[in-house]
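> Quick one: the structure is below, questions incoming.
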Amino acid sequence: MITFIIRRLITTVFLLVVVSIITFGIFFLIPRLAGQNSYELAAQYVGRNPTRSAILQMEAKLNLNAPLVVQYWHFLWGIVAGTHYNSGPSVTYCAPPCFGYSFRSQQPVWPQMLAALPVTLSLAIGAAVLWLIGGVSVGVLSALRRGTLFDRFSMGVALAGVSLPIFFTGLISLELFSYKWPIFPNVTYVPILTNPALWARNLVLPWVTLAFLYAALYARLTRAGMLETMSEDFIRTARAKGLRERNVVVRHGLRAALTPILTIFGMDLGLLLGGAILTETTFSLPGLGQFTLLAIQNQDFPEIMGVVLLAAFFIVIANMLVDILYAVIDPRVRV
């Protein structure tokens with residue numbers, strides 16, 4: 001098992017390097033292939049209405065006249081160990097991980113993302129717990145009671161959950177439970193260390209709204225997987241050996257059906273940790289989703305690049321954890 005984890009860690013480091021190369025290519029190589037020179041490329045990193053002196057200063061600051069290999073090395077070294085920027089007579093140090101300075105605030109990008117990260121973590125992890133437990137439980141019960149009223153009703157609700165967009169269900173929940181019936185009157189983010197009870201209370205609506213969408217999908221996937229698994233020969237063998245039905249369902253049926261669920265869960269959680277844009281915008285939560293939206297609206301390339309790298313990092317790490325969980329659930333994966 002330790003050897004398997006070490007192999008996955010090495011693969012993860014390699015994938016992160018590949019992600020950094022792709023991100024560097026998107027922001028620095030592709031514009032050159034499209035015909036932009038270093039001056040035009042530097043103009044995009046100065047902000048709106050740049051002066052010629054500011055563009056030339058940015059061109060020298062980012063080493064855009066250097067070969068692409070040298071530029072990528074400075075780019076990677078800045079993320080890993082920080083970098084020094086020559087701003088005229090002064091030298092500015094950008095601490096690692098350095099994604100540059102924002103056009104809008106003229107502040108380093110990473111501390112701004114770090115301030116928004118707890119909001120997104122609170123939203124994504126809380127909703128993930130709800131949708132994983134709720135979706136898998138409903139899917140298992142529907143598979144065991146196939147064709148009953150519960151099965152039809154739960155799959156009908158699941159179909160509605162998959163079909164309705166998050167901004168629709170979010171606005172409906174705000175209208176009903178925040179304005180008409182003020183059960184959750186103030187949906188604002190409060191740090192968990194400041195007031196844990198208020199932190200949880202204010203995030204209930206975003207959690208339930210986001211979990212409703214994903215739990216519906218997980219319920220349908222779990223039901224399909226359980227129906228296929230419960231008809232396998234090893235399930236009949238387990239029952240013939242006299243095992244209790246609970247052990248047959250949980251230890252044999254559900255365990256075998258969890259593999260595709262874990263795959264999708266890793267991708268979904270990784271994407272949400274990179275920023276739940278629609279949910280955070282609907283509930284006005286100042287997380288990475290709103291940070292990303294503002295960066296796109298302001299054409300703030302350093303912020304956009306930082307969000308892209310951070311989202312890719314979360315997805316790669318989530319998939320590594322899923323691979324390790326594969327080995328825990330199914331020992332054949334370790335071979």
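Ordering of the structure tokens sets the chain letters (A, B, ...), residue numbers begin anew at 1 in every chain, and ligands are numbered from 1 in the order given.
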Would you pick out the contacts of Arg146 in chain A at 10 Å or less, using only C-alpha atoms, so that residues sharing its chain but fewer than 5 positions from it are not included, and give the list as a list in words?
Val140, Leu141, Asp151, Arg152, Arg223 and Leu227 of chain A
> What are the nearest atom pairs, with distances in Å to one decimal, for all residues of range 204-234 of chain A that come at most 10 Å from range 240-250 of chain A, using only C-alpha atoms, set out by chain and rising residue number as a tab-separated table?

residue	atom	partner	partner_atom	distance
A:Met226	CA	A:Val249	CA	8.8
A:Thr229	CA	A:Val249	CA	9.6
A:Met230	CA	A:Val249	CA	7.8
A:Phe234	CA	A:Ala240	CA	9.6
> Would you work out the distance separating CA of Thr281 in chain A from CA of Ile172 in chain A, expressed in Å to one decimal?
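CA of Thr281 in chain A sits 14.4 Å away from CA of Ile172 in chain A.
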> Would you kindly return, as a PDB file with all heavy atoms, in the first residue's frame, each protein, DNA or RNA residue with an atom no farther than 10 Å from any atom of Val19 in chain A, considering only C-alpha atoms and excluding same-chain residues fewer than 2 positions away?

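Result went into selection.pdb, see below:
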ATOM      1  N   VAL A  13       2.980  14.784  -8.779  1.00  0.00           N
ATOM      2  CA  VAL A  13       3.966  15.846  -9.014  1.00  0.00           C
ATOM      3  C   VAL A  13       4.183  16.052 -10.509  1.00  0.00           C
ATOM      4  O   VAL A  13       4.241  17.193 -11.001  1.00  0.00           O
ATOM      5  CB  VAL A  13       5.292  15.508  -8.303  1.00  0.00           C
ATOM      6  CG1 VAL A  13       6.375  16.510  -8.691  1.00  0.00           C
ATOM      7  CG2 VAL A  13       5.104  15.480  -6.796  1.00  0.00           C
ATOM      8  N   PHE A  14       4.280  14.954 -11.253  1.00  0.00           N
ATOM      9  CA  PHE A  14       4.453  15.047 -12.698  1.00  0.00           C
ATOM     10  C   PHE A  14       3.258  15.747 -13.342  1.00  0.00           C
ATOM     11  O   PHE A  14       3.417  16.608 -14.226  1.00  0.00           O
ATOM     12  CB  PHE A  14       4.636  13.643 -13.287  1.00  0.00           C
ATOM     13  CG  PHE A  14       4.676  13.612 -14.791  1.00  0.00           C
ATOM     14  CD1 PHE A  14       5.796  14.041 -15.486  1.00  0.00           C
ATOM     15  CD2 PHE A  14       3.571  13.164 -15.516  1.00  0.00           C
ATOM     16  CE1 PHE A  14       5.820  14.023 -16.867  1.00  0.00           C
ATOM     17  CE2 PHE A  14       3.596  13.130 -16.895  1.00  0.00           C
ATOM     18  CZ  PHE A  14       4.725  13.556 -17.581  1.00  0.00           C
ATOM     19  N   LEU A  15       2.050  15.407 -12.902  1.00  0.00           N
ATOM     20  CA  LEU A  15       0.851  16.034 -13.456  1.00  0.00           C
ATOM     21  C   LEU A  15       0.804  17.527 -13.156  1.00  0.00           C
ATOM     22  O   LEU A  15       0.388  18.333 -14.002  1.00  0.00           O
ATOM     23  CB  LEU A  15      -0.402  15.350 -12.904  1.00  0.00           C
ATOM     24  CG  LEU A  15      -0.746  13.988 -13.483  1.00  0.00           C
ATOM     25  CD1 LEU A  15      -1.943  13.382 -12.760  1.00  0.00           C
ATOM     26  CD2 LEU A  15      -1.061  14.100 -14.975  1.00  0.00           C
ATOM     27  N   LEU A  16       1.234  17.916 -11.953  1.00  0.00           N
ATOM     28  CA  LEU A  16       1.244  19.333 -11.605  1.00  0.00           C
ATOM     29  C   LEU A  16       2.230  20.103 -12.479  1.00  0.00           C
ATOM     30  O   LEU A  16       1.962  21.249 -12.873  1.00  0.00           O
ATOM     31  CB  LEU A  16       1.600  19.511 -10.128  1.00  0.00           C
ATOM     32  CG  LEU A  16       0.529  19.052  -9.136  1.00  0.00           C
ATOM     33  CD1 LEU A  16       1.052  19.138  -7.707  1.00  0.00           C
ATOM     34  CD2 LEU A  16      -0.732  19.902  -9.284  1.00  0.00           C
ATOM     35  N   VAL A  17       3.360  19.496 -12.801  1.00  0.00           N
ATOM     36  CA  VAL A  17       4.314  20.138 -13.715  1.00  0.00           C
ATOM     37  C   VAL A  17       3.694  20.286 -15.099  1.00  0.00           C
ATOM     38  O   VAL A  17       3.812  21.336 -15.751  1.00  0.00           O
ATOM     39  CB  VAL A  17       5.629  19.336 -13.779  1.00  0.00           C
ATOM     40  CG1 VAL A  17       6.544  19.902 -14.859  1.00  0.00           C
ATOM     41  CG2 VAL A  17       6.333  19.354 -12.432  1.00  0.00           C
ATOM     42  N   ILE A  21       2.902  23.723 -17.261  1.00  0.00           N
ATOM     43  CA  ILE A  21       3.332  23.941 -18.647  1.00  0.00           C
ATOM     44  C   ILE A  21       2.148  24.357 -19.517  1.00  0.00           C
ATOM     45  O   ILE A  21       2.234  25.286 -20.332  1.00  0.00           O
ATOM     46  CB  ILE A  21       4.004  22.663 -19.206  1.00  0.00           C
ATOM     47  CG1 ILE A  21       5.311  22.381 -18.463  1.00  0.00           C
ATOM     48  CG2 ILE A  21       4.265  22.796 -20.698  1.00  0.00           C
ATOM     49  CD1 ILE A  21       5.956  21.055 -18.837  1.00  0.00           C
ATOM     50  N   ILE A  22       1.013  23.664 -19.345  1.00  0.00           N
ATOM     51  CA  ILE A  22      -0.179  23.989 -20.140  1.00  0.00           C
ATOM     52  C   ILE A  22      -0.673  25.395 -19.806  1.00  0.00           C
ATOM     53  O   ILE A  22      -1.012  26.180 -20.717  1.00  0.00           O
ATOM     54  CB  ILE A  22      -1.284  22.948 -19.893  1.00  0.00           C
ATOM     55  CG1 ILE A  22      -0.841  21.572 -20.423  1.00  0.00           C
ATOM     56  CG2 ILE A  22      -2.592  23.367 -20.561  1.00  0.00           C
ATOM     57  CD1 ILE A  22      -1.801  20.453 -20.088  1.00  0.00           C
ATOM     58  N   THR A  23      -0.700  25.742 -18.523  1.00  0.00           N
ATOM     59  CA  THR A  23      -1.146  27.078 -18.126  1.00  0.00           C
ATOM     60  C   THR A  23      -0.213  28.147 -18.675  1.00  0.00           C
ATOM     61  O   THR A  23      -0.663  29.193 -19.170  1.00  0.00           O
ATOM     62  CB  THR A  23      -1.214  27.181 -16.596  1.00  0.00           C
ATOM     63  OG1 THR A  23      -2.039  26.129 -16.086  1.00  0.00           O
ATOM     64  CG2 THR A  23      -1.779  28.515 -16.169  1.00  0.00           C
ATOM     65  N   PHE A  24       1.089  27.910 -18.593  1.00  0.00           N
ATOM     66  CA  PHE A  24       2.058  28.852 -19.152  1.00  0.00           C
ATOM     67  C   PHE A  24       1.841  29.002 -20.651  1.00  0.00           C
ATOM     68  O   PHE A  24       1.885  30.117 -21.190  1.00  0.00           O
ATOM     69  CB  PHE A  24       3.473  28.356 -18.871  1.00  0.00           C
ATOM     70  CG  PHE A  24       4.548  29.189 -19.525  1.00  0.00           C
ATOM     71  CD1 PHE A  24       4.986  30.361 -18.930  1.00  0.00           C
ATOM     72  CD2 PHE A  24       5.117  28.798 -20.727  1.00  0.00           C
ATOM     73  CE1 PHE A  24       5.963  31.131 -19.527  1.00  0.00           C
ATOM     74  CE2 PHE A  24       6.104  29.555 -21.329  1.00  0.00           C
ATOM     75  CZ  PHE A  24       6.531  30.729 -20.730  1.00  0.00           C
ATOM     76  N   GLY A  25       1.576  27.874 -21.329  1.00  0.00           N
ATOM     77  CA  GLY A  25       1.348  27.936 -22.775  1.00  0.00           C
ATOM     78  C   GLY A  25       0.112  28.735 -23.130  1.00  0.00           C
ATOM     79  O   GLY A  25       0.103  29.497 -24.108  1.00  0.00           O
ATOM     80  N   VAL A 308      -6.786  29.531 -12.339  1.00  0.00           N
ATOM     81  CA  VAL A 308      -6.651  28.344 -13.195  1.00  0.00           C
ATOM     82  C   VAL A 308      -5.683  27.339 -12.573  1.00  0.00           C
ATOM     83  O   VAL A 308      -5.966  26.134 -12.499  1.00  0.00           O
ATOM     84  CB  VAL A 308      -6.175  28.759 -14.602  1.00  0.00           C
ATOM     85  CG1 VAL A 308      -5.777  27.535 -15.423  1.00  0.00           C
ATOM     86  CG2 VAL A 308      -7.282  29.520 -15.337  1.00  0.00           C
ATOM     87  N   LEU A 309      -4.536  27.818 -12.103  1.00  0.00           N
ATOM     88  CA  LEU A 309      -3.554  26.920 -11.489  1.00  0.00           C
ATOM     89  C   LEU A 309      -4.079  26.318 -10.197  1.00  0.00           C
ATOM     90  O   LEU A 309      -3.885  25.119  -9.934  1.00  0.00           O
ATOM     91  CB  LEU A 309      -2.256  27.690 -11.220  1.00  0.00           C
ATOM     92  CG  LEU A 309      -1.366  27.944 -12.430  1.00  0.00           C
ATOM     93  CD1 LEU A 309      -0.256  28.927 -12.082  1.00  0.00           C
ATOM     94  CD2 LEU A 309      -0.762  26.642 -12.943  1.00  0.00           C
ATOM     95  N   ALA A 312      -6.731  23.672 -11.020  1.00  0.00           N
ATOM     96  CA  ALA A 312      -6.078  22.468 -11.543  1.00  0.00           C
ATOM     97  C   ALA A 312      -5.389  21.693 -10.427  1.00  0.00           C
ATOM     98  O   ALA A 312      -5.414  20.453 -10.405  1.00  0.00           O
ATOM     99  CB  ALA A 312      -5.068  22.859 -12.622  1.00  0.00           C
ATOM    100  N   PHE A 313      -4.790  22.411  -9.480  1.00  0.00           N
ATOM    101  CA  PHE A 313      -4.141  21.762  -8.335  1.00  0.00           C
ATOM    102  C   PHE A 313      -5.156  20.960  -7.530  1.00  0.00           C
ATOM    103  O   PHE A 313      -4.905  19.801  -7.165  1.00  0.00           O
ATOM    104  CB  PHE A 313      -3.473  22.824  -7.462  1.00  0.00           C
ATOM    105  CG  PHE A 313      -2.962  22.308  -6.149  1.00  0.00           C
ATOM    106  CD1 PHE A 313      -1.758  21.622  -6.072  1.00  0.00           C
ATOM    107  CD2 PHE A 313      -3.693  22.499  -4.983  1.00  0.00           C
ATOM    108  CE1 PHE A 313      -1.287  21.139  -4.861  1.00  0.00           C
ATOM    109  CE2 PHE A 313      -3.226  22.026  -3.775  1.00  0.00           C
ATOM    110  CZ  PHE A 313      -2.022  21.340  -3.708  1.00  0.00           C
ATOM    111  N   VAL A 316      -6.204  17.758  -9.468  1.00  0.00           N
ATOM    112  CA  VAL A 316      -5.159  16.728  -9.472  1.00  0.00           C
ATOM    113  C   VAL A 316      -5.054  16.066  -8.099  1.00  0.00           C
ATOM    114  O   VAL A 316      -4.962  14.830  -7.989  1.00  0.00           O
ATOM    115  CB  VAL A 316      -3.810  17.351  -9.892  1.00  0.00           C
ATOM    116  CG1 VAL A 316      -2.672  16.344  -9.686  1.00  0.00           C
ATOM    117  CG2 VAL A 316      -3.856  17.776 -11.354  1.00  0.00           C
TER     118      VAL A 316
END
> Near range 120-124 of chain A, counting only C-alpha atoms, which residues have an atom at most 7 Å away, once you skip same-chain residues fewer than 4 positions from it, shown as a list in words?
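Counting only C-alpha atoms, the residues come to Ala116, Ala128, Trp207, Leu269, Leu272, Leu273, Gly275, Gly287 and Leu288 of chain A.
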> Which residues, written as JSON, numbers by chain, have at least one atom at most 12 Å from Ala257 in chain A, with only C-alpha atoms counted and residues fewer than 3 positions away on the same chain left out?
{"A": [136, 139, 140, 143, 218, 221, 222, 223, 224, 225, 226, 227, 228, 229, 230, 231, 232, 249, 250, 251, 252, 253, 254, 260, 261, 262, 263, 326, 329, 330]}
> Keeping only C-alpha atoms, write the selected residues as an mmCIF file, in the first residue's frame.

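Result written to part_14.cif:
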data_model
loop_
_atom_site.group_PDB
_atom_site.id
_atom_site.type_symbol
_atom_site.label_atom_id
_atom_site.label_comp_id
_atom_site.auth_asym_id
_atom_site.auth_seq_id
_atom_site.Cartn_x
_atom_site.Cartn_y
_atom_site.Cartn_z
ATOM 1 C CA VAL A 136 -25.756 7.325 -2.004
ATOM 2 C CA GLY A 139 -29.683 5.378 -4.460
ATOM 3 C CA VAL A 140 -29.144 2.244 -2.364
ATOM 4 C CA ALA A 143 -32.185 -0.122 -5.824
ATOM 5 C CA TYR A 218 -25.363 10.513 -7.223
ATOM 6 C CA LEU A 221 -25.686 6.613 -10.406
ATOM 7 C CA THR A 222 -25.767 4.659 -7.145
ATOM 8 C CA ARG A 223 -29.102 3.072 -8.023
ATOM 9 C CA ALA A 224 -27.825 1.956 -11.430
ATOM 10 C CA GLY A 225 -24.601 0.593 -9.930
ATOM 11 C CA MET A 226 -26.404 -1.256 -7.130
ATOM 12 C CA LEU A 227 -28.920 -2.834 -9.512
ATOM 13 C CA GLU A 228 -26.059 -4.199 -11.591
ATOM 14 C CA THR A 229 -23.973 -5.312 -8.601
ATOM 15 C CA MET A 230 -26.786 -6.999 -6.664
ATOM 16 C CA SER A 231 -27.412 -9.350 -9.600
ATOM 17 C CA GLU A 232 -23.809 -10.607 -9.693
ATOM 18 C CA VAL A 249 -25.650 -4.987 0.821
ATOM 19 C CA VAL A 250 -23.011 -2.841 2.542
ATOM 20 C CA ARG A 251 -19.812 -4.928 2.488
ATOM 21 C CA HIS A 252 -20.329 -6.622 -0.867
ATOM 22 C CA GLY A 253 -22.874 -4.738 -2.964
ATOM 23 C CA LEU A 254 -22.216 -1.093 -2.030
ATOM 24 C CA PRO A 260 -17.501 4.907 -10.262
ATOM 25 C CA ILE A 261 -19.054 7.097 -7.539
ATOM 26 C CA LEU A 262 -15.599 7.891 -6.147
ATOM 27 C CA THR A 263 -14.351 8.804 -9.614
ATOM 28 C CA TYR A 326 -9.642 2.855 -4.825
ATOM 29 C CA ILE A 329 -11.990 -0.249 -1.335
ATOM 30 C CA ASP A 330 -10.696 -2.699 -3.951
#
> Please, what distance in Å, to one decimal, runs between CA of His74 in chain A and CA of Pro96 in chain A?
12.3 Å
> Would you please give, as a compact mmCIF listing (two decimals) with N, CA, C and O atoms, in the first residue's frame, all residues of range 35-130 of chain A that DSSP assigns to strand (DSSP E) based on the backbone?

# COMPACT_ATOMS: atom_id res chain seq x y z
N THR A 83 9.70 35.17 -6.34
CA THR A 83 10.55 35.85 -7.33
C THR A 83 10.69 37.32 -6.97
O THR A 83 9.89 37.87 -6.19
N HIS A 84 11.72 37.95 -7.54
CA HIS A 84 11.96 39.37 -7.36
C HIS A 84 11.60 40.10 -8.65
O HIS A 84 12.00 39.68 -9.73
N TYR A 85 10.82 41.17 -8.51
CA TYR A 85 10.45 42.00 -9.64
C TYR A 85 11.21 43.31 -9.57
O TYR A 85 11.20 43.99 -8.54
N ASN A 86 11.86 43.66 -10.68
CA ASN A 86 12.55 44.94 -10.76
C ASN A 86 11.57 46.01 -11.24
O ASN A 86 11.15 45.99 -12.40
N SER A 87 11.18 46.90 -10.35
CA SER A 87 10.25 47.97 -10.69
C SER A 87 11.01 49.30 -10.69
O SER A 87 11.03 50.05 -9.71
N SER A 90 13.57 50.24 -7.72
CA SER A 90 13.30 49.38 -6.57
C SER A 90 13.10 47.93 -7.01
O SER A 90 12.83 47.65 -8.17
N VAL A 91 13.24 47.03 -6.05
CA VAL A 91 13.05 45.60 -6.28
C VAL A 91 11.96 45.12 -5.34
O VAL A 91 12.03 45.34 -4.12
N THR A 92 10.95 44.46 -5.91
CA THR A 92 9.82 43.95 -5.13
C THR A 92 9.90 42.44 -5.06
O THR A 92 10.09 41.78 -6.09
N TYR A 93 9.75 41.90 -3.86
CA TYR A 93 9.78 40.45 -3.69
C TYR A 93 8.36 39.92 -3.59
O TYR A 93 7.55 40.40 -2.77
N CYS A 94 8.04 38.94 -4.41
CA CYS A 94 6.73 38.28 -4.40
C CYS A 94 6.91 36.91 -3.78
O CYS A 94 7.60 36.04 -4.34
> Go through A:Ile264, A:Thr279, A:Leu159, A:Val46 and flag the residue nearest Ser173 in chain A, using only C-alpha atoms for the distances.
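Selected residue with least distance to Ser173 in chain A: A:Thr279.
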> Tell me which protein, DNA and RNA residues are within 9 Å of Tyr45 in chain A, counting only C-alpha atoms, leaving out same-chain ones fewer than 5 positions away, and put them as an MDAnalysis selection string.
chainID A and resid 55 58:59 103 300:302
> Write the residues you've just listed into a file as a short mmCIF file (atom, residue, chain, number, x, y, z; two decimals), in the first residue's frame, and include all heavy atoms for each of them.

data_model
loop_
_atom_site.label_atom_id
_atom_site.label_comp_id
_atom_site.auth_asym_id
_atom_site.auth_seq_id
_atom_site.Cartn_x
_atom_site.Cartn_y
_atom_site.Cartn_z
N ILE A 55 4.16 49.67 -20.36
CA ILE A 55 4.24 48.42 -21.11
C ILE A 55 5.69 47.95 -21.21
O ILE A 55 5.99 46.76 -21.03
CB ILE A 55 3.62 48.61 -22.51
CG1 ILE A 55 2.13 48.90 -22.39
CG2 ILE A 55 3.85 47.37 -23.38
CD1 ILE A 55 1.46 49.22 -23.71
N MET A 58 6.72 46.52 -17.93
CA MET A 58 6.17 45.19 -17.72
C MET A 58 6.86 44.15 -18.60
O MET A 58 7.08 43.01 -18.18
CB MET A 58 4.67 45.20 -18.03
CG MET A 58 3.97 43.85 -17.81
SD MET A 58 4.06 43.28 -16.10
CE MET A 58 3.06 44.50 -15.28
N GLU A 59 7.25 44.54 -19.80
CA GLU A 59 7.97 43.63 -20.69
C GLU A 59 9.29 43.19 -20.09
O GLU A 59 9.66 42.00 -20.14
CB GLU A 59 8.20 44.33 -22.04
CG GLU A 59 8.82 43.44 -23.11
CD GLU A 59 9.01 44.18 -24.41
OE1 GLU A 59 8.80 45.42 -24.44
OE2 GLU A 59 9.38 43.55 -25.42
N PHE A 103 -4.10 43.58 -11.45
CA PHE A 103 -4.26 44.88 -12.11
C PHE A 103 -5.16 45.79 -11.27
O PHE A 103 -4.95 47.00 -11.21
CB PHE A 103 -4.91 44.71 -13.48
CG PHE A 103 -4.10 43.89 -14.44
CD1 PHE A 103 -4.70 43.28 -15.53
CD2 PHE A 103 -2.75 43.71 -14.26
CE1 PHE A 103 -3.97 42.52 -16.43
CE2 PHE A 103 -2.00 42.95 -15.15
CZ PHE A 103 -2.61 42.35 -16.23
N ASP A 300 -8.35 40.69 -15.55
CA ASP A 300 -7.18 40.68 -14.68
C ASP A 300 -6.43 39.36 -14.90
O ASP A 300 -6.69 38.36 -14.23
CB ASP A 300 -7.62 40.82 -13.22
CG ASP A 300 -6.52 41.35 -12.33
OD1 ASP A 300 -5.35 41.01 -12.59
OD2 ASP A 300 -6.82 42.12 -11.39
N PHE A 301 -5.47 39.36 -15.83
CA PHE A 301 -4.81 38.12 -16.23
C PHE A 301 -4.05 37.44 -15.10
O PHE A 301 -4.09 36.21 -14.99
CB PHE A 301 -3.88 38.38 -17.43
CG PHE A 301 -4.61 38.55 -18.72
CD1 PHE A 301 -4.89 39.80 -19.22
CD2 PHE A 301 -5.03 37.45 -19.44
CE1 PHE A 301 -5.58 39.97 -20.41
CE2 PHE A 301 -5.71 37.60 -20.63
CZ PHE A 301 -5.99 38.87 -21.12
N PRO A 302 -3.32 38.15 -14.24
CA PRO A 302 -2.65 37.44 -13.14
C PRO A 302 -3.64 36.71 -12.23
O PRO A 302 -3.37 35.58 -11.79
CB PRO A 302 -1.93 38.56 -12.39
CG PRO A 302 -1.70 39.60 -13.43
CD PRO A 302 -2.91 39.57 -14.30
#
> Using only C-alpha atoms, determine which residues lie at most 6 Å from range 289-291 of chain A, disregarding the query and same-chain residues fewer than 6 positions distant; provide the list as a PyMOL selection string.
chain A and resi 275-277+280
> Please produce a file of those selected residues containing N, CA, C and O atoms, as an mmCIF file, in the first residue's frame.

data_model
loop_
_atom_site.group_PDB
_atom_site.id
_atom_site.type_symbol
_atom_site.label_atom_id
_atom_site.label_comp_id
_atom_site.auth_asym_id
_atom_site.auth_seq_id
_atom_site.Cartn_x
_atom_site.Cartn_y
_atom_site.Cartn_z
ATOM 1 N N GLY A 275 -13.719 26.831 -7.204
ATOM 2 C CA GLY A 275 -14.643 27.964 -7.255
ATOM 3 C C GLY A 275 -16.022 27.555 -7.717
ATOM 4 O O GLY A 275 -16.188 27.141 -8.859
ATOM 5 N N ALA A 276 -17.005 27.649 -6.819
ATOM 6 C CA ALA A 276 -18.400 27.372 -7.177
ATOM 7 C C ALA A 276 -19.027 28.696 -7.613
ATOM 8 O O ALA A 276 -19.677 29.391 -6.820
ATOM 9 N N ILE A 277 -18.829 29.054 -8.873
ATOM 10 C CA ILE A 277 -19.149 30.402 -9.344
ATOM 11 C C ILE A 277 -20.639 30.703 -9.207
ATOM 12 O O ILE A 277 -21.034 31.732 -8.656
ATOM 13 N N GLU A 280 -21.860 30.751 -5.385
ATOM 14 C CA GLU A 280 -21.339 31.899 -4.644
ATOM 15 C C GLU A 280 -21.927 33.204 -5.161
ATOM 16 O O GLU A 280 -22.174 34.133 -4.382
#
> Step one, run DSSP on the backbone; step two, keep only residues of range 38-263 of chain A assigned to helix (DSSP H, G or I); then write them as a PyMOL selection string.
chain A and resi 38-44+52-61+68-81+109-144+149-163+166-180+196-229+233-240+245-263
> How many Å lie between CA of Pro165 in chain A and CA of Val119 in chain A, rounded to one decimal?
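Distance between the two atoms: 21.4 Å.
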> Between A:Ser178, A:Asn63, A:Asn186, A:Thr169, which residue has the minimum interatomic distance to Leu278 in chain A, considering only C-alpha atoms?
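Result for the nearest residue to Leu278 in chain A: A:Thr169.
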